[in-house]
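Visitor: Handing over data-v4.pdb, PDB, C-alpha atoms.
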MODEL        1
ATOM      1  CA  MET T 178      33.190 186.292-137.283
ATOM      2  CA  THR T 179      32.595 183.316-135.232
ATOM      3  CA  THR T 180      32.784 183.057-131.450
ATOM      4  CA  ALA T 181      33.378 179.886-129.605
ATOM      5  CA  SER T 182      30.612 179.161-127.210
ATOM      6  CA  PRO T 183      31.404 177.204-124.089
ATOM      7  CA  THR T 184      30.293 173.672-124.269
ATOM      8  CA  THR T 185      28.237 172.268-121.447
ATOM      9  CA  THR T 186      27.944 168.662-120.631
ATOM     10  CA  THR T 187      24.793 167.291-119.192
ATOM     11  CA  GLY T 188      24.333 164.012-117.424
ATOM     12  CA  THR T 189      27.978 163.680-116.574
ATOM     13  CA  SER T 190      29.755 164.629-113.371
ATOM     14  CA  ALA T 191      33.309 165.588-112.685
ATOM     15  CA  PRO T 192      35.468 162.682-111.699
ATOM     16  CA  ARG T 193      35.842 162.285-107.942
ATOM     17  CA  ALA T 194      39.227 162.750-106.476
ATOM     18  CA  THR T 195      40.503 159.569-104.962
ATOM     19  CA  THR T 196      42.680 159.667-101.885
ATOM     20  CA  ARG T 197      44.796 156.886-100.681
ATOM     21  CA  ARG T 198      45.792 156.463 -97.049
ATOM     22  CA  THR T 199      49.492 156.497 -96.746
ATOM     23  CA  GLY T 200      49.517 155.388 -93.090
ATOM     24  CA  ARG T 201      47.336 154.392 -90.090
ATOM     25  CA  ALA T 202      45.205 157.062 -88.495
ATOM     26  CA  PRO T 203      46.450 158.215 -85.122
ATOM     27  CA  SER T 204      44.779 156.262 -82.306
ATOM     28  CA  ASP T 205      42.807 157.928 -79.535
ATOM     29  CA  PRO T 206      45.132 158.420 -76.532
ATOM     30  CA  LYS T 207      42.306 158.641 -73.980
ATOM     31  CA  PRO T 208      42.058 154.894 -73.185
ATOM     32  CA  LEU T 209      45.829 154.709 -72.711
ATOM     33  CA  VAL T 210      45.770 157.704 -70.369
ATOM     34  CA  GLY T 211      42.994 156.088 -68.346
ATOM     35  CA  TRP T 212      44.949 152.851 -67.965
ATOM     36  CA  LEU T 213      48.015 154.829 -66.887
ATOM     37  CA  PHE T 214      45.989 156.537 -64.167
ATOM     38  CA  ILE T 215      44.668 153.288 -62.707
ATOM     39  CA  ALA T 216      47.872 151.309 -63.270
ATOM     40  CA  PRO T 217      49.334 152.037 -59.782
ATOM     41  CA  ASN T 218      46.153 150.829 -58.110
ATOM     42  CA  LEU T 219      45.962 147.732 -60.323
ATOM     43  CA  ILE T 220      49.586 146.879 -59.603
ATOM     44  CA  GLY T 221      49.006 147.320 -55.878
ATOM     45  CA  VAL T 222      45.926 145.105 -55.916
ATOM     46  CA  ALA T 223      47.749 142.445 -57.925
ATOM     47  CA  LEU T 224      50.823 142.431 -55.681
ATOM     48  CA  PHE T 225      49.186 142.791 -52.286
ATOM     49  CA  THR T 226      45.782 141.134 -52.792
ATOM     50  CA  LEU T 227      45.679 138.700 -55.700
ATOM     51  CA  VAL T 228      49.150 137.202 -55.221
ATOM     52  CA  PRO T 229      48.691 136.601 -51.461
ATOM     53  CA  LEU T 230      45.187 135.208 -52.068
ATOM     54  CA  VAL T 231      46.402 132.717 -54.665
ATOM     55  CA  SER T 232      49.364 131.822 -52.430
ATOM     56  CA  VAL T 233      47.081 131.104 -49.484
ATOM     57  CA  VAL T 234      44.878 128.834 -51.590
ATOM     58  CA  LEU T 235      47.889 126.905 -52.889
ATOM     59  CA  LEU T 236      49.614 126.672 -49.505
ATOM     60  CA  SER T 237      46.449 125.398 -47.815
ATOM     61  CA  PHE T 238      46.954 122.071 -49.616
ATOM     62  CA  THR T 239      50.586 121.728 -48.535
ATOM     63  CA  GLU T 240      52.846 121.450 -45.521
ATOM     64  CA  TRP T 241      55.542 124.105 -45.327
ATOM     65  CA  ASN T 242      57.550 125.511 -42.446
ATOM     66  CA  LEU T 243      59.370 128.284 -44.408
ATOM     67  CA  VAL T 244      62.740 127.290 -42.932
ATOM     68  CA  SER T 245      63.102 124.415 -45.391
ATOM     69  CA  GLY T 246      62.724 126.752 -48.374
ATOM     70  CA  ILE T 247      60.725 126.156 -51.530
ATOM     71  CA  ASP T 248      62.062 122.600 -51.808
ATOM     72  CA  GLY T 249      60.461 121.758 -48.450
ATOM     73  CA  ILE T 250      56.885 122.208 -49.682
ATOM     74  CA  ARG T 251      55.012 118.912 -49.463
ATOM     75  CA  PHE T 252      51.568 118.368 -50.996
ATOM     76  CA  LEU T 253      48.965 117.034 -48.535
ATOM     77  CA  GLY T 254      45.683 117.368 -50.388
ATOM     78  CA  ILE T 255      42.756 118.082 -48.054
ATOM     79  CA  ASP T 256      44.524 116.819 -44.911
ATOM     80  CA  ASN T 257      44.926 120.359 -43.559
ATOM     81  CA  PHE T 258      41.200 121.041 -43.868
ATOM     82  CA  VAL T 259      40.347 117.778 -42.130
ATOM     83  CA  SER T 260      42.735 118.698 -39.313
ATOM     84  CA  VAL T 261      41.180 122.152 -39.012
ATOM     85  CA  LEU T 262      37.696 120.730 -38.568
ATOM     86  CA  ARG T 263      39.017 118.366 -35.867
ATOM     87  CA  ASP T 264      41.102 121.018 -34.085
ATOM     88  CA  PRO T 265      39.607 122.002 -30.686
ATOM     89  CA  VAL T 266      41.756 125.147 -30.597
ATOM     90  CA  PHE T 267      40.230 126.260 -33.881
ATOM     91  CA  TRP T 268      36.688 125.833 -32.556
ATOM     92  CA  ARG T 269      37.556 127.630 -29.322
ATOM     93  CA  SER T 270      39.042 130.522 -31.312
ATOM     94  CA  LEU T 271      35.960 130.537 -33.524
ATOM     95  CA  LEU T 272      33.706 130.802 -30.471
ATOM     96  CA  ILE T 273      35.768 133.689 -29.087
ATOM     97  CA  THR T 274      35.619 135.440 -32.467
ATOM     98  CA  VAL T 275      31.847 135.018 -32.686
ATOM     99  CA  VAL T 276      31.374 136.392 -29.158
ATOM    100  CA  TYR T 277      33.791 139.261 -29.812
ATOM    101  CA  ALA T 278      32.341 140.345 -33.152
ATOM    102  CA  GLY T 279      28.779 139.350 -32.253
ATOM    103  CA  ALA T 280      28.806 141.718 -29.272
ATOM    104  CA  ALA T 281      30.944 144.537 -30.700
ATOM    105  CA  VAL T 282      29.085 144.934 -34.005
ATOM    106  CA  PRO T 283      25.527 145.455 -32.635
ATOM    107  CA  LEU T 284      26.819 147.775 -29.912
ATOM    108  CA  THR T 285      28.738 149.777 -32.511
ATOM    109  CA  LEU T 286      25.623 150.069 -34.682
ATOM    110  CA  VAL T 287      23.515 151.252 -31.754
ATOM    111  CA  ALA T 288      26.141 153.772 -30.631
ATOM    112  CA  GLY T 289      26.710 155.020 -34.174
ATOM    113  CA  LEU T 290      22.987 155.431 -34.869
ATOM    114  CA  ALA T 291      22.420 157.263 -31.588
ATOM    115  CA  LEU T 292      25.300 159.648 -32.316
ATOM    116  CA  ALA T 293      24.131 160.187 -35.888
ATOM    117  CA  MET T 294      20.591 161.068 -34.850
ATOM    118  CA  ALA T 295      21.929 163.449 -32.193
ATOM    119  CA  LEU T 296      24.324 165.152 -34.623
ATOM    120  CA  ASN T 297      21.743 165.378 -37.405
ATOM    121  CA  ARG T 298      20.141 168.366 -35.718
ATOM    122  CA  ASP T 299      21.048 172.037 -35.825
ATOM    123  CA  LEU T 300      23.546 172.142 -32.988
ATOM    124  CA  PRO T 301      26.235 174.753 -32.307
ATOM    125  CA  GLY T 302      29.597 173.402 -33.389
ATOM    126  CA  ARG T 303      28.035 170.427 -35.127
ATOM    127  CA  ALA T 304      30.917 170.048 -37.602
ATOM    128  CA  ALA T 305      33.486 170.021 -34.796
ATOM    129  CA  LEU T 306      31.474 167.432 -32.869
ATOM    130  CA  ARG T 307      31.289 165.178 -35.922
ATOM    131  CA  ALA T 308      35.050 165.403 -36.347
ATOM    132  CA  CYS T 309      35.645 164.625 -32.658
ATOM    133  CA  PHE T 310      33.557 161.467 -32.801
ATOM    134  CA  PHE T 311      35.229 160.331 -36.039
ATOM    135  CA  ILE T 312      38.828 160.875 -34.848
ATOM    136  CA  PRO T 313      39.067 157.564 -32.890
ATOM    137  CA  TYR T 314      38.414 155.649 -36.115
ATOM    138  CA  ILE T 315      41.449 157.131 -37.874
ATOM    139  CA  VAL T 316      43.813 157.159 -34.884
ATOM    140  CA  ASN T 317      46.626 154.605 -34.944
ATOM    141  CA  VAL T 318      45.813 151.366 -33.158
ATOM    142  CA  VAL T 319      48.961 151.686 -31.029
ATOM    143  CA  ALA T 320      47.785 155.020 -29.625
ATOM    144  CA  ILE T 321      44.338 153.577 -28.913
ATOM    145  CA  GLY T 322      45.784 150.506 -27.212
ATOM    146  CA  MET T 323      48.237 152.402 -25.017
ATOM    147  CA  THR T 324      45.567 154.907 -23.976
ATOM    148  CA  TRP T 325      43.082 152.251 -22.938
ATOM    149  CA  MET T 326      45.753 150.185 -21.204
ATOM    150  CA  MET T 327      46.389 153.184 -18.954
ATOM    151  CA  LEU T 328      42.688 153.886 -18.449
ATOM    152  CA  LEU T 329      41.899 150.259 -17.571
ATOM    153  CA  ASP T 330      44.968 149.504 -15.506
ATOM    154  CA  PRO T 331      43.791 147.372 -12.539
ATOM    155  CA  GLY T 332      45.713 149.409  -9.976
ATOM    156  CA  ALA T 333      46.239 152.936 -11.278
ATOM    157  CA  GLY T 334      43.645 153.147 -14.052
ATOM    158  CA  LEU T 335      41.185 156.030 -13.979
ATOM    159  CA  LEU T 336      38.157 153.779 -14.421
ATOM    160  CA  ASN T 337      38.935 151.593 -11.404
ATOM    161  CA  GLN T 338      39.753 154.672  -9.354
ATOM    162  CA  PHE T 339      36.398 156.135 -10.354
ATOM    163  CA  LEU T 340      34.608 152.920  -9.371
ATOM    164  CA  GLY T 341      36.535 152.749  -6.100
ATOM    165  CA  PHE T 342      35.579 156.337  -5.293
ATOM    166  CA  PHE T 343      31.945 155.237  -5.151
ATOM    167  CA  GLY T 344      32.768 152.301  -2.907
ATOM    168  CA  ALA T 345      32.891 149.529  -5.489
ATOM    169  CA  GLU T 346      34.707 146.425  -4.294
ATOM    170  CA  ALA T 347      36.317 143.545  -6.216
ATOM    171  CA  LEU T 348      37.292 145.873  -9.048
ATOM    172  CA  PRO T 349      37.715 144.243 -12.480
ATOM    173  CA  GLY T 350      41.191 143.279 -13.624
ATOM    174  CA  TRP T 351      40.248 144.220 -17.204
ATOM    175  CA  PHE T 352      43.051 143.204 -19.596
ATOM    176  CA  ALA T 353      44.876 141.327 -16.839
ATOM    177  CA  SER T 354      41.887 139.083 -16.118
ATOM    178  CA  SER T 355      40.769 136.182 -18.275
ATOM    179  CA  ARG T 356      37.201 137.016 -17.284
ATOM    180  CA  TRP T 357      37.278 140.702 -18.175
ATOM    181  CA  ALA T 358      39.795 140.840 -21.041
ATOM    182  CA  LEU T 359      37.288 140.085 -23.795
ATOM    183  CA  PRO T 360      34.610 142.523 -22.517
ATOM    184  CA  ALA T 361      37.323 145.184 -22.253
ATOM    185  CA  LEU T 362      38.342 144.559 -25.855
ATOM    186  CA  ILE T 363      34.713 144.842 -26.921
ATOM    187  CA  LEU T 364      34.479 148.191 -25.098
ATOM    188  CA  VAL T 365      37.593 149.540 -26.819
ATOM    189  CA  THR T 366      36.418 148.290 -30.209
ATOM    190  CA  VAL T 367      33.003 149.947 -29.894
ATOM    191  CA  TRP T 368      34.679 153.202 -28.874
ATOM    192  CA  ALA T 369      37.024 153.084 -31.862
ATOM    193  CA  GLN T 370      34.425 152.043 -34.485
ATOM    194  CA  ALA T 371      31.383 154.086 -33.425
ATOM    195  CA  GLY T 372      32.611 157.179 -35.289
ATOM    196  CA  TYR T 373      32.690 155.273 -38.569
ATOM    197  CA  ALA T 374      29.137 154.009 -38.096
ATOM    198  CA  CYS T 375      28.035 157.507 -37.090
ATOM    199  CA  LEU T 376      29.445 159.034 -40.282
ATOM    200  CA  ILE T 377      27.758 156.468 -42.541
ATOM    201  CA  TYR T 378      24.427 156.827 -40.736
ATOM    202  CA  LEU T 379      24.649 160.625 -40.978
ATOM    203  CA  SER T 380      24.974 160.482 -44.748
ATOM    204  CA  ALA T 381      21.953 158.172 -44.908
ATOM    205  CA  LEU T 382      19.855 160.348 -42.598
ATOM    206  CA  GLN T 383      20.494 163.395 -44.764
ATOM    207  CA  ASP T 384      19.032 161.514 -47.734
ATOM    208  CA  ALA T 385      15.923 160.422 -45.826
ATOM    209  CA  PRO T 386      12.539 160.987 -47.572
ATOM    210  CA  VAL T 387      11.467 164.368 -46.192
ATOM    211  CA  GLN T 388       7.972 164.214 -47.716
ATOM    212  CA  LEU T 389       7.168 161.092 -45.704
ATOM    213  CA  TYR T 390       8.087 162.838 -42.454
ATOM    214  CA  GLU T 391       5.889 165.809 -43.392
ATOM    215  CA  ALA T 392       2.973 163.506 -44.136
ATOM    216  CA  ALA T 393       3.526 161.646 -40.851
ATOM    217  CA  ARG T 394       3.511 164.909 -38.872
ATOM    218  CA  ILE T 395       0.261 165.933 -40.532
ATOM    219  CA  ASP T 396      -1.236 162.590 -39.519
ATOM    220  CA  GLY T 397      -0.110 163.175 -35.931
ATOM    221  CA  ALA T 398       2.609 160.510 -35.757
ATOM    222  CA  GLY T 399       5.082 160.784 -32.898
ATOM    223  CA  ARG T 400       8.858 160.484 -33.013
ATOM    224  CA  TRP T 401       8.923 156.804 -32.156
ATOM    225  CA  ARG T 402       6.277 156.032 -34.770
ATOM    226  CA  MET T 403       8.208 157.964 -37.441
ATOM    227  CA  PHE T 404      11.436 156.226 -36.479
ATOM    228  CA  ARG T 405       9.866 152.776 -36.647
ATOM    229  CA  SER T 406       7.888 153.341 -39.859
ATOM    230  CA  ILE T 407      10.154 155.710 -41.842
ATOM    231  CA  THR T 408      13.635 156.168 -40.438
ATOM    232  CA  TRP T 409      14.530 152.559 -39.713
ATOM    233  CA  PRO T 410      13.232 151.099 -43.012
ATOM    234  CA  SER T 411      15.106 153.792 -44.941
ATOM    235  CA  LEU T 412      18.282 152.977 -42.989
ATOM    236  CA  LEU T 413      18.041 149.225 -43.509
ATOM    237  CA  PRO T 414      20.395 149.049 -46.555
ATOM    238  CA  THR T 415      22.900 151.226 -44.701
ATOM    239  CA  THR T 416      22.605 149.015 -41.638
ATOM    240  CA  ILE T 417      23.255 145.879 -43.675
ATOM    241  CA  PHE T 418      26.270 147.537 -45.277
ATOM    242  CA  LEU T 419      27.641 148.505 -41.860
ATOM    243  CA  LEU T 420      26.826 145.092 -40.448
ATOM    244  CA  ILE T 421      28.844 143.379 -43.162
ATOM    245  CA  THR T 422      31.821 145.744 -43.173
ATOM    246  CA  LEU T 423      32.042 145.951 -39.382
ATOM    247  CA  PHE T 424      31.731 142.200 -38.909
ATOM    248  CA  VAL T 425      34.436 141.502 -41.477
ATOM    249  CA  GLY T 426      36.732 144.134 -40.008
ATOM    250  CA  ILE T 427      36.198 143.311 -36.328
ATOM    251  CA  SER T 428      36.362 139.547 -36.807
ATOM    252  CA  GLN T 429      39.752 140.028 -38.475
ATOM    253  CA  SER T 430      41.043 142.386 -35.783
ATOM    254  CA  PHE T 431      44.653 141.628 -34.922
ATOM    255  CA  GLY T 432      46.691 144.705 -34.042
ATOM    256  CA  MET T 433      44.787 145.683 -30.922
ATOM    257  CA  ILE T 434      44.729 142.114 -29.602
ATOM    258  CA  ALA T 435      48.446 141.616 -30.271
ATOM    259  CA  LEU T 436      49.307 144.902 -28.564
ATOM    260  CA  ILE T 437      47.057 144.767 -25.509
ATOM    261  CA  THR T 438      46.514 141.113 -24.572
ATOM    262  CA  ASN T 439      48.683 139.032 -26.947
ATOM    263  CA  GLY T 440      45.832 136.532 -27.081
ATOM    264  CA  GLY T 441      45.630 136.166 -23.327
ATOM    265  CA  PRO T 442      45.393 135.954 -20.426
ATOM    266  CA  GLY T 443      45.609 132.273 -21.227
ATOM    267  CA  ALA T 444      43.671 131.992 -24.472
ATOM    268  CA  SER T 445      40.708 134.184 -23.501
ATOM    269  CA  THR T 446      41.233 136.637 -26.387
ATOM    270  CA  THR T 447      42.735 134.293 -29.003
ATOM    271  CA  THR T 448      40.532 135.011 -31.986
ATOM    272  CA  LEU T 449      40.850 133.261 -35.339
ATOM    273  CA  SER T 450      43.086 135.981 -36.758
ATOM    274  CA  PHE T 451      45.456 135.749 -33.809
ATOM    275  CA  TYR T 452      45.367 131.950 -33.958
ATOM    276  CA  MET T 453      46.390 132.106 -37.628
ATOM    277  CA  TYR T 454      49.256 134.407 -36.673
ATOM    278  CA  GLN T 455      50.422 132.050 -33.942
ATOM    279  CA  THR T 456      50.206 129.002 -36.209
ATOM    280  CA  GLY T 457      52.035 130.629 -39.092
ATOM    281  CA  PHE T 458      54.591 132.965 -37.570
ATOM    282  CA  GLN T 459      55.285 131.333 -34.205
ATOM    283  CA  PHE T 460      55.010 127.639 -35.068
ATOM    284  CA  TYR T 461      55.928 128.036 -38.780
ATOM    285  CA  ARG T 462      53.000 125.886 -39.975
ATOM    286  CA  PHE T 463      52.165 128.036 -42.973
ATOM    287  CA  GLY T 464      50.160 125.381 -44.790
ATOM    288  CA  TYR T 465      47.898 124.777 -41.793
ATOM    289  CA  ALA T 466      47.566 128.509 -41.110
ATOM    290  CA  SER T 467      46.531 129.017 -44.746
ATOM    291  CA  ALA T 468      43.877 126.326 -44.364
ATOM    292  CA  VAL T 469      42.536 128.050 -41.239
ATOM    293  CA  GLY T 470      42.421 131.344 -43.111
ATOM    294  CA  LEU T 471      40.636 129.827 -46.096
ATOM    295  CA  VAL T 472      38.022 128.109 -43.918
ATOM    296  CA  THR T 473      37.474 131.389 -42.066
ATOM    297  CA  PHE T 474      37.091 133.281 -45.327
ATOM    298  CA  LEU T 475      34.539 130.820 -46.680
ATOM    299  CA  GLY T 476      32.539 130.907 -43.443
ATOM    300  CA  ILE T 477      32.417 134.713 -43.364
ATOM    301  CA  PHE T 478      31.547 134.865 -47.066
ATOM    302  CA  VAL T 479      28.597 132.500 -46.655
ATOM    303  CA  LEU T 480      27.366 134.374 -43.582
ATOM    304  CA  MET T 481      27.565 137.749 -45.325
ATOM    305  CA  LEU T 482      25.780 136.355 -48.378
ATOM    306  CA  VAL T 483      22.925 135.097 -46.200
ATOM    307  CA  MET T 484      22.668 138.464 -44.446
ATOM    308  CA  TRP T 485      22.650 140.355 -47.730
ATOM    309  CA  ARG T 486      19.945 138.193 -49.272
ATOM    310  CA  ALA T 487      17.843 138.357 -46.096
ATOM    311  CA  GLN T 488      17.431 142.137 -46.358
ATOM    312  CA  ARG T 489      16.465 142.224 -50.040
ATOM    313  CA  GLY T 490      13.020 143.708 -50.569
ATOM    314  CA  ARG T 491      12.699 145.056 -47.029
ATOM    315  CA  ALA T 492      14.115 148.534 -47.548
ATOM    316  CA  LEU T 493      11.991 151.644 -47.806
ATOM    317  CA  HIS T 494      12.185 153.157 -51.286
ATOM    318  CA  ASP T 495      10.964 156.557 -52.434
TER     319      ASP T 495
ENDMDL
END
Would you put the structure from the file into structure tokens?
Guide:
Amino acid sequence: MTTASPTTTTGTSAPRATTRRTGRAPSDPKPLVGWLFIAPNLIGVALFTLVPLVSVVLLSFTEWNLVSGIDGIRFLGIDNFVSVLRDPVFWRSLLITVVYAGAAVPLTLVAGLALAMALNRDLPGRAALRACFFIPYIVNVVAIGMTWMMLLDPGAGLLNQFLGFFGAEALPGWFASSRWALPALILVTVWAQAGYACLIYLSALQDAPVQLYEAARIDGAGRWRMFRSITWPSLLPTTIFLLITLFVGISQSFGMIALITNGGPGASTTTLSFYMYQTGFQFYRFGYASAVGLVTFLGIFVLMLVMWRAQRGRALHD
């Protein structure tokens, strides 16, 4: 009787099963979902930022009054830019803008820093106080303008009545006076923007290097010494950020000027932004207005670049 013994093979392996792809592997949907989420913002930036920016650059080399339509566009080359540099109204508006922003921005920084340092302590109702000081920044410019027009009315305004109560004579005309209109605008601007500066400074103060303050107290340093040696250097990047954002925003201020003074009395509050509006939408010189806007943009960009590079390496790091 014979039994069949199983045969074993050595040195050989079973053949590998081969698979063939019948179609493409499904792609990862995550990148597509991400693009869908940011698509509304990208479309908004393209329509309301990139398209107007490119249009301004192209129109700055042309003459166009809008009424003549697209066929009325006439190429001028750099003639608009030459005219801008020779325009006395442009230089007067530039001077007013520099005075306006140059006074409002430092005052806003000082007011915001003072409020931030006061609200950075353990005070009762500190959260409510922070909200109260920030509200003017988010209030509509029309409400701000109408409120201050009533407060600074030359005849019935509360401020002039307060000054008259203490015997002050020759009360300021404020927005009705070519002498006082610009200082009044600076006052309103500081009041409206101080809450924003306060909020940014508060966030920076809460991240201040605590160990340096403890070491300074051990060494017997006073408050002024700690502010000069620790607080201010640590706030320098924040200050530069506020300086840039506030200067750009205030120098381009239009709504408050259009509502309260309309560029007057005379031309005492005609800043560059209001001058561009007058040139484009009142005199229909869109090519020249675009050239003014482009020159203004380049000037502000160069100034901000110089300011940013000037503060590099001067901040206090942990």
Visitor: Could I get the residues of region 231-297 of chain T with an atom no further than 8 Å from an atom of region 416-428 of chain T, each paired with its nearest atom pair and that distance in Å to one decimal, using only C-alpha atoms, sorted by chain and residue number, as CSV?
Guide:
residue,atom,partner,partner_atom,distance
T:Thr274,CA,T:Ser428,CA,6.0
T:Val275,CA,T:Ser428,CA,7.6
T:Tyr277,CA,T:Ser428,CA,7.5
T:Ala278,CA,T:Ser428,CA,5.5
T:Gly279,CA,T:Phe424,CA,7.8
T:Ala281,CA,T:Ile427,CA,7.8
T:Val282,CA,T:Phe424,CA,6.2
T:Pro283,CA,T:Leu420,CA,7.9
T:Leu286,CA,T:Leu419,CA,7.6
Visitor: Taking C-alpha atoms for each residue, export the selection above as a short mmCIF file (atom, residue, chain, number, x, y, z; two decimals), in the coordinates of the input.
Guide:
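Dumped to out-v9.cif:
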data_model
loop_
_atom_site.label_atom_id
_atom_site.label_comp_id
_atom_site.auth_asym_id
_atom_site.auth_seq_id
_atom_site.Cartn_x
_atom_site.Cartn_y
_atom_site.Cartn_z
CA THR T 274 35.62 135.44 -32.47
CA VAL T 275 31.85 135.02 -32.69
CA TYR T 277 33.79 139.26 -29.81
CA ALA T 278 32.34 140.34 -33.15
CA GLY T 279 28.78 139.35 -32.25
CA ALA T 281 30.94 144.54 -30.70
CA VAL T 282 29.08 144.93 -34.01
CA PRO T 283 25.53 145.46 -32.64
CA LEU T 286 25.62 150.07 -34.68
#
Visitor: Counting all atoms listed in the file, figure out which residue out of T:Asn257, T:Ser380, T:Ser411, T:Thr239 gets nearest to Arg307 (chain T).
Guide: T:Ser380
Visitor: Using Å and a single decimal, report how far CA of Leu253 (chain T) sits from CA of Val233 (chain T).
Guide: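 Interatomic distance, CA of Val233 (chain T) to CA of Leu253 (chain T): 14.2 Å.
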Visitor: For Phe311 (chain T), which of T:Gly441, T:Gly372, T:Gly464, T:Pro217 is the closest residue, counting only C-alpha atoms?
Guide: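 Looking at the shortest contact to Phe311 (chain T), the residue is T:Gly372.
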Visitor: Quick one: distance from CA of Leu376 (chain T) to CA of Asn218 (chain T) in Å, one decimal?
Guide: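 Pair CA of Leu376 (chain T) / CA of Asn218 (chain T) returns 25.8 Å.
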Visitor: List the neighbours of Tyr378 (chain T) out to 6 Å using all atoms listed in the file; skip same-chain residues closer than 3 positions along the sequence, and give me the result as number ranges by chain.
Guide: T: 293, 375, 381
Visitor: Could you save those same residues with C-alpha atoms as a short mmCIF file (atom, residue, chain, number, x, y, z; two decimals), keeping the file's coordinate frame?
Guide:
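Output file result.cif is given in full below:
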data_model
loop_
_atom_site.label_atom_id
_atom_site.label_comp_id
_atom_site.auth_asym_id
_atom_site.auth_seq_id
_atom_site.Cartn_x
_atom_site.Cartn_y
_atom_site.Cartn_z
CA ALA T 293 24.13 160.19 -35.89
CA CYS T 375 28.04 157.51 -37.09
CA ALA T 381 21.95 158.17 -44.91
#
Visitor: Once the PyMOL selection byres ((chain T and resi 263-268) around 10) has been applied to the shown file, what residues remain in the selection, as a PDB file with C-alpha atoms, in the frame of the given file?
Guide:
ATOM      1  CA  ASN T 257      44.926 120.359 -43.559  1.00  0.00           C
ATOM      2  CA  PHE T 258      41.200 121.041 -43.868  1.00  0.00           C
ATOM      3  CA  VAL T 259      40.347 117.778 -42.130  1.00  0.00           C
ATOM      4  CA  SER T 260      42.735 118.698 -39.313  1.00  0.00           C
ATOM      5  CA  VAL T 261      41.180 122.152 -39.012  1.00  0.00           C
ATOM      6  CA  LEU T 262      37.696 120.730 -38.568  1.00  0.00           C
ATOM      7  CA  ARG T 269      37.556 127.630 -29.322  1.00  0.00           C
ATOM      8  CA  SER T 270      39.042 130.522 -31.312  1.00  0.00           C
ATOM      9  CA  LEU T 271      35.960 130.537 -33.524  1.00  0.00           C
ATOM     10  CA  LEU T 272      33.706 130.802 -30.471  1.00  0.00           C
ATOM     11  CA  ILE T 273      35.768 133.689 -29.087  1.00  0.00           C
ATOM     12  CA  THR T 274      35.619 135.440 -32.467  1.00  0.00           C
ATOM     13  CA  ALA T 444      43.671 131.992 -24.472  1.00  0.00           C
ATOM     14  CA  THR T 447      42.735 134.293 -29.003  1.00  0.00           C
ATOM     15  CA  THR T 448      40.532 135.011 -31.986  1.00  0.00           C
ATOM     16  CA  LEU T 449      40.850 133.261 -35.339  1.00  0.00           C
ATOM     17  CA  TYR T 452      45.367 131.950 -33.958  1.00  0.00           C
ATOM     18  CA  MET T 453      46.390 132.106 -37.628  1.00  0.00           C
ATOM     19  CA  VAL T 469      42.536 128.050 -41.239  1.00  0.00           C
TER      20      VAL T 469
END
Visitor: Would you mind reading off the distance between CA of Leu362 (chain T) and CA of Ala435 (chain T), one decimal, in Å?
Guide: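 Distance between the two atoms: 11.4 Å.
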Visitor: For Thr408 (chain T), which of T:Val479, T:Leu290, T:Ala333, T:Ala320 is the closest residue, counting only C-alpha atoms?
Guide: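 Of the candidates, the smallest distance to Thr408 (chain T) is held by T:Leu290.
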Visitor: Skip Ile434 (chain T) itself and residues of its chain fewer than 4 positions away, then list as a list in words all residues within 8 Å of it, counting all atoms listed in the file.
Guide: Leu362, Ser430, Thr438, Asn439, Gly440, Thr446 and Phe451 of chain T
Visitor: For Gln370 (chain T), which of T:Asp330, T:Ala385, T:Ile312, T:Tyr390 is the closest residue, counting only C-alpha atoms?
Guide: T:Ile312
Visitor: Take the PyMOL selection byres ((chain T and resi 347-352) around 10), run it mentally on this structure, and tell me the resulting residues as a PyMOL selection string.
Guide: chain T and resi 325-326+329-332+336-338+340-341+344-346+353-362+437-438+441-442+446
Visitor: If you apply the PyMOL selection byres ((chain T and resi 310) around 12) to this file, what residues do you get, as a VMD selection string?
Guide: chain T and resid 288 to 289 291 to 293 295 to 296 303 to 309 311 to 316 367 to 376
Visitor: I need the residue nearest Val318 (chain T) from this list: T:Phe225, T:Phe343, T:Tyr465, T:Phe431. Use all atoms listed in the file for the distance.
Guide: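 With all atoms listed in the file as the atom set, the closest residue is T:Phe431.
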Visitor: Contacts of Ser467 (chain T) at 8 Å or less, counting only C-alpha atoms, minus same-chain residues fewer than 4 places along, as a ChimeraX atom specification?
Guide: /T:233-234,236-237,453,463,471
Visitor: Considering all atoms listed in the file, can you say which of T:Gly334, T:Gly246, T:Gly322, T:Gly397 comes closest to Val365 (chain T)?
Guide: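 Among the listed residues, T:Gly322 lies closest to Val365 (chain T).
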